[in-house]
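With PDB, C-alpha atoms, pLDDT in the B column inside, this is query28.pdb:
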ATOM      1  CA  MET A1198      15.054  17.961 -15.097  1.00 53.00           C
ATOM      2  CA  ALA A1199      11.984  16.742 -16.987  1.00 67.00           C
ATOM      3  CA  SER A1200      12.355  15.521 -20.532  1.00 74.00           C
ATOM      4  CA  THR A1201      11.390  17.826 -23.377  1.00 85.00           C
ATOM      5  CA  ASP A1202      11.353  15.044 -25.985  1.00 90.00           C
ATOM      6  CA  PRO A1203       7.680  14.781 -27.078  1.00 92.00           C
ATOM      7  CA  LYS A1204       7.963  11.064 -27.867  1.00 94.00           C
ATOM      8  CA  LYS A1205       9.395  10.337 -24.419  1.00 94.00           C
ATOM      9  CA  ILE A1206       6.739  12.472 -22.719  1.00 94.00           C
ATOM     10  CA  VAL A1207       3.901  10.687 -24.556  1.00 94.00           C
ATOM     11  CA  THR A1208       5.443   7.297 -23.738  1.00 94.00           C
ATOM     12  CA  GLU A1209       5.688   8.212 -20.025  1.00 94.00           C
ATOM     13  CA  ILE A1210       2.063   9.398 -19.991  1.00 94.00           C
ATOM     14  CA  PHE A1211       0.927   6.213 -21.740  1.00 95.00           C
ATOM     15  CA  PHE A1212       2.650   3.902 -19.265  1.00 93.00           C
ATOM     16  CA  ALA A1213       1.527   5.979 -16.278  1.00 92.00           C
ATOM     17  CA  ALA A1214      -2.070   5.628 -17.502  1.00 92.00           C
ATOM     18  CA  LEU A1215      -1.702   1.858 -17.938  1.00 90.00           C
ATOM     19  CA  ASN A1216      -0.281   1.566 -14.426  1.00 87.00           C
ATOM     20  CA  ALA A1217      -3.124   3.648 -12.988  1.00 86.00           C
ATOM     21  CA  VAL A1218      -5.785   1.304 -14.381  1.00 90.00           C
ATOM     22  CA  ASN A1219      -3.942  -1.969 -13.778  1.00 92.00           C
ATOM     23  CA  PRO A1220      -6.452  -4.282 -12.021  1.00 93.00           C
ATOM     24  CA  TYR A1221      -3.792  -5.694  -9.677  1.00 94.00           C
ATOM     25  CA  ASN A1222      -2.682  -2.235  -8.539  1.00 91.00           C
ATOM     26  CA  ALA A1223      -6.236  -0.967  -8.083  1.00 89.00           C
ATOM     27  CA  ALA A1224      -7.300  -3.957  -5.997  1.00 92.00           C
ATOM     28  CA  ARG A1225      -4.059  -4.011  -4.012  1.00 91.00           C
ATOM     29  CA  SER A1226      -4.762  -0.557  -2.576  1.00 87.00           C
ATOM     30  CA  TYR A1227      -8.182  -1.770  -1.403  1.00 90.00           C
ATOM     31  CA  ALA A1228      -6.662  -4.867   0.180  1.00 92.00           C
ATOM     32  CA  ASP A1229      -4.758  -2.604   2.562  1.00 88.00           C
ATOM     33  CA  LYS A1230      -7.989  -0.849   3.550  1.00 91.00           C
ATOM     34  CA  ILE A1231      -9.829  -4.145   4.051  1.00 93.00           C
ATOM     35  CA  LYS A1232      -6.984  -5.469   6.194  1.00 91.00           C
ATOM     36  CA  SER A1233      -7.132  -2.385   8.387  1.00 91.00           C
ATOM     37  CA  VAL A1234     -10.881  -2.786   8.958  1.00 92.00           C
ATOM     38  CA  TYR A1235     -10.479  -6.528   9.600  1.00 91.00           C
ATOM     39  CA  GLU A1236      -7.783  -5.928  12.189  1.00 90.00           C
ATOM     40  CA  LYS A1237     -10.141  -3.564  14.028  1.00 91.00           C
ATOM     41  CA  GLY A1238     -12.583  -6.475  14.459  1.00 89.00           C
ATOM     42  CA  ALA A1239     -15.269  -5.190  12.088  1.00 89.00           C
ATOM     43  CA  PHE A1240     -15.804  -8.703  10.732  1.00 88.00           C
ATOM     44  CA  ASN A1241     -14.444 -12.179  11.390  1.00 88.00           C
ATOM     45  CA  LYS A1242     -14.772 -13.958   8.043  1.00 91.00           C
ATOM     46  CA  LEU A1243     -13.431 -12.793   4.715  1.00 92.00           C
ATOM     47  CA  VAL A1244     -14.851 -14.161   1.460  1.00 94.00           C
ATOM     48  CA  ILE A1245     -13.703 -12.977  -1.964  1.00 93.00           C
ATOM     49  CA  ALA A1246     -15.929 -13.251  -5.049  1.00 95.00           C
ATOM     50  CA  GLY A1247     -15.302 -11.856  -8.489  1.00 93.00           C
ATOM     51  CA  PHE A1248     -15.999 -12.224 -12.149  1.00 93.00           C
ATOM     52  CA  GLY A1249     -14.746 -10.739 -15.390  1.00 92.00           C
ATOM     53  CA  LYS A1250     -11.530 -10.480 -17.351  1.00 91.00           C
ATOM     54  CA  ALA A1251      -9.704  -8.670 -14.537  1.00 93.00           C
ATOM     55  CA  ALA A1252     -10.935 -10.953 -11.735  1.00 94.00           C
ATOM     56  CA  TYR A1253      -7.793 -13.082 -11.548  1.00 94.00           C
ATOM     57  CA  LEU A1254      -5.415 -10.142 -11.164  1.00 93.00           C
ATOM     58  CA  MET A1255      -7.668  -8.573  -8.552  1.00 94.00           C
ATOM     59  CA  ALA A1256      -7.933 -11.876  -6.645  1.00 94.00           C
ATOM     60  CA  LYS A1257      -4.140 -12.212  -6.622  1.00 93.00           C
ATOM     61  CA  ALA A1258      -3.849  -8.682  -5.281  1.00 94.00           C
ATOM     62  CA  MET A1259      -6.329  -9.456  -2.517  1.00 94.00           C
ATOM     63  CA  GLU A1260      -4.510 -12.644  -1.605  1.00 93.00           C
ATOM     64  CA  THR A1261      -1.168 -10.846  -1.496  1.00 93.00           C
ATOM     65  CA  GLY A1262      -2.477  -7.847   0.425  1.00 93.00           C
ATOM     66  CA  LEU A1263      -4.587  -9.801   2.885  1.00 93.00           C
ATOM     67  CA  ASN A1264      -1.799 -12.297   3.589  1.00 86.00           C
ATOM     68  CA  GLY A1265      -3.680 -15.369   4.824  1.00 88.00           C
ATOM     69  CA  LEU A1266      -6.825 -13.616   6.070  1.00 93.00           C
ATOM     70  CA  ILE A1267      -9.105 -14.883   3.281  1.00 94.00           C
ATOM     71  CA  ASN A1268     -11.347 -17.724   4.436  1.00 94.00           C
ATOM     72  CA  GLU A1269     -12.557 -18.668   0.983  1.00 93.00           C
ATOM     73  CA  GLY A1270     -13.221 -17.228  -2.425  1.00 93.00           C
ATOM     74  CA  VAL A1271     -14.215 -17.879  -6.003  1.00 94.00           C
ATOM     75  CA  ILE A1272     -13.729 -16.050  -9.279  1.00 94.00           C
ATOM     76  CA  VAL A1273     -14.888 -16.668 -12.827  1.00 94.00           C
ATOM     77  CA  THR A1274     -12.747 -15.210 -15.588  1.00 94.00           C
ATOM     78  CA  LYS A1275     -12.120 -15.556 -19.306  1.00 94.00           C
ATOM     79  CA  TYR A1276     -10.189 -18.548 -20.662  1.00 95.00           C
ATOM     80  CA  GLY A1277      -6.447 -17.953 -20.580  1.00 93.00           C
ATOM     81  CA  HIS A1278      -6.595 -15.362 -17.781  1.00 91.00           C
ATOM     82  CA  VAL A1279      -5.638 -17.545 -14.792  1.00 92.00           C
ATOM     83  CA  GLY A1280      -1.962 -17.837 -13.979  1.00 86.00           C
ATOM     84  CA  GLN A1281      -0.698 -19.562 -10.847  1.00 83.00           C
ATOM     85  CA  GLN A1282      -3.650 -20.785  -8.784  1.00 78.00           C
ATOM     86  CA  PRO A1283      -4.214 -18.668  -5.648  1.00 68.00           C
ATOM     87  CA  LEU A1284      -4.216 -20.481  -2.312  1.00 74.00           C
ATOM     88  CA  ALA A1285      -7.603 -19.532  -0.890  1.00 84.00           C
ATOM     89  CA  ILE A1286      -9.537 -18.523  -4.002  1.00 92.00           C
ATOM     90  CA  ARG A1287     -10.939 -21.054  -6.486  1.00 92.00           C
ATOM     91  CA  CYS A1288     -10.586 -19.915 -10.079  1.00 93.00           C
ATOM     92  CA  TYR A1289     -12.807 -20.944 -12.960  1.00 93.00           C
ATOM     93  CA  GLU A1290     -12.035 -20.051 -16.544  1.00 95.00           C
ATOM     94  CA  ALA A1291     -15.164 -19.741 -18.647  1.00 95.00           C
ATOM     95  CA  GLY A1292     -16.598 -18.526 -21.918  1.00 93.00           C
ATOM     96  CA  HIS A1293     -16.700 -14.829 -22.711  1.00 87.00           C
ATOM     97  CA  PRO A1294     -18.727 -13.046 -23.938  1.00 85.00           C
ATOM     98  CA  LEU A1295     -21.023 -16.061 -24.198  1.00 87.00           C
ATOM     99  CA  PRO A1296     -21.434 -18.083 -20.968  1.00 87.00           C
ATOM    100  CA  ASP A1297     -20.605 -21.786 -21.003  1.00 92.00           C
ATOM    101  CA  GLU A1298     -20.655 -24.813 -18.680  1.00 93.00           C
ATOM    102  CA  ASN A1299     -17.518 -23.723 -16.814  1.00 90.00           C
ATOM    103  CA  GLY A1300     -19.102 -20.376 -15.997  1.00 89.00           C
ATOM    104  CA  LEU A1301     -22.062 -22.212 -14.526  1.00 88.00           C
ATOM    105  CA  LYS A1302     -19.749 -24.437 -12.430  1.00 88.00           C
ATOM    106  CA  GLY A1303     -18.110 -21.336 -10.999  1.00 86.00           C
ATOM    107  CA  THR A1304     -21.408 -19.992  -9.738  1.00 85.00           C
ATOM    108  CA  THR A1305     -22.519 -23.062  -7.804  1.00 79.00           C
TER     109      THR A1305
END
Can you present the structure in this file as structure tokens?
Amino acid sequence: MASTDPKKIVTEIFFAALNAVNPYNAARSYADKIKSVYEKGAFNKLVIAGFGKAAYLMAKAMETGLNGLINEGVIVTKYGHVGQQPLAIRCYEAGHPLPDENGLKGTT
């Protein structure tokens, strides 16, 4: 039976909304679609590129979902947003909102 406690209901809605917009979760669902197209022979090289505050989480989702199919990749994200370095995707932390030298390095 569903809860009738308003505080619990609001808390459940809040966390469901956060989960729905989580960059890792959003990208992970697309990784499955990309893998399906790749396995059908639609393309033979897979390159990942991304930028922005959510780029690292999305890159990790791609790497997990595509399980070794990524040939190369690069992302540029805000300082402090890169966790464990992905295997096939180079990560650059850079200035945000103002670009800096590291952001330039990530684009070359």
Q) How many Å lie between atom CA of A:Gly1238 and atom CA of A:Asn1264, rounded to one decimal? A) 16.4 Å
Would you give the centre and edge lengths, in Å to one decimal, of a box along x, y and z around the listed atoms of stretch 1266-1276 of chain A, with 8 Å added to each side, as JSON?
{"center_x": -10.9, "center_y": -16.1, "center_z": -7.3, "size_x": 24.1, "size_y": 21.1, "size_z": 42.7}
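Across the model, the gap from atom CA of A:Leu1215 to atom CA of A:Leu1266 is 29.0 Å.
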Using all atoms listed in the file, which protein or nucleic acid residues come within 9 Å of A:Val1244? Drop anything in the same chain fewer than 5 positions from it, and give the result as a JSON list (two decimals) with C-alpha atoms, keeping the file's coordinate frame.
[["chain", "number", "residue", "atom", "x", "y", "z"],
["A", 1267, "ILE", "CA", -9.10, -14.88, 3.28],
["A", 1268, "ASN", "CA", -11.35, -17.72, 4.44],
["A", 1269, "GLU", "CA", -12.56, -18.67, 0.98],
["A", 1270, "GLY", "CA", -13.22, -17.23, -2.42],
["A", 1271, "VAL", "CA", -14.22, -17.88, -6.00],
["A", 1286, "ILE", "CA", -9.54, -18.52, -4.00]]
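One distance worth recording is that between atom CA of A:Phe1211 and atom CA of A:Ala1252, which is 23.1 Å.
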Q | Within 12 Å of A:Thr1305 using only C-alpha atoms, minus same-chain residues under 4 positions, as number ranges by chain | A | A: 1271-1273, 1287, 1289, 1298-1301
(Q) What's around A:Tyr1227 at 12 Å? Count all atoms listed in the file, leave out sequence neighbours fewer than 5 positions away in its own chain, and write the answer as JSON, numbers by chain. (A) {"A": [1220, 1221, 1222, 1232, 1233, 1234, 1255, 1256, 1258, 1259, 1260, 1261, 1262, 1263]}
**Q.** Best match for closeness to A:Leu1284 among A:Lys1237, A:Ala1246, A:Asp1297, A:Gly1265, counting only C-alpha atoms
**A.**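 Closest residue, counting only C-alpha atoms: A:Gly1265.
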Q.
Between A:Lys1302, A:Leu1254, A:Gln1281, A:His1293, which residue has the minimum interatomic distance to A:Ala1223, considering all atoms listed in the file?
A.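 Distance minimum relative to A:Ala1223 lands on A:Leu1254.
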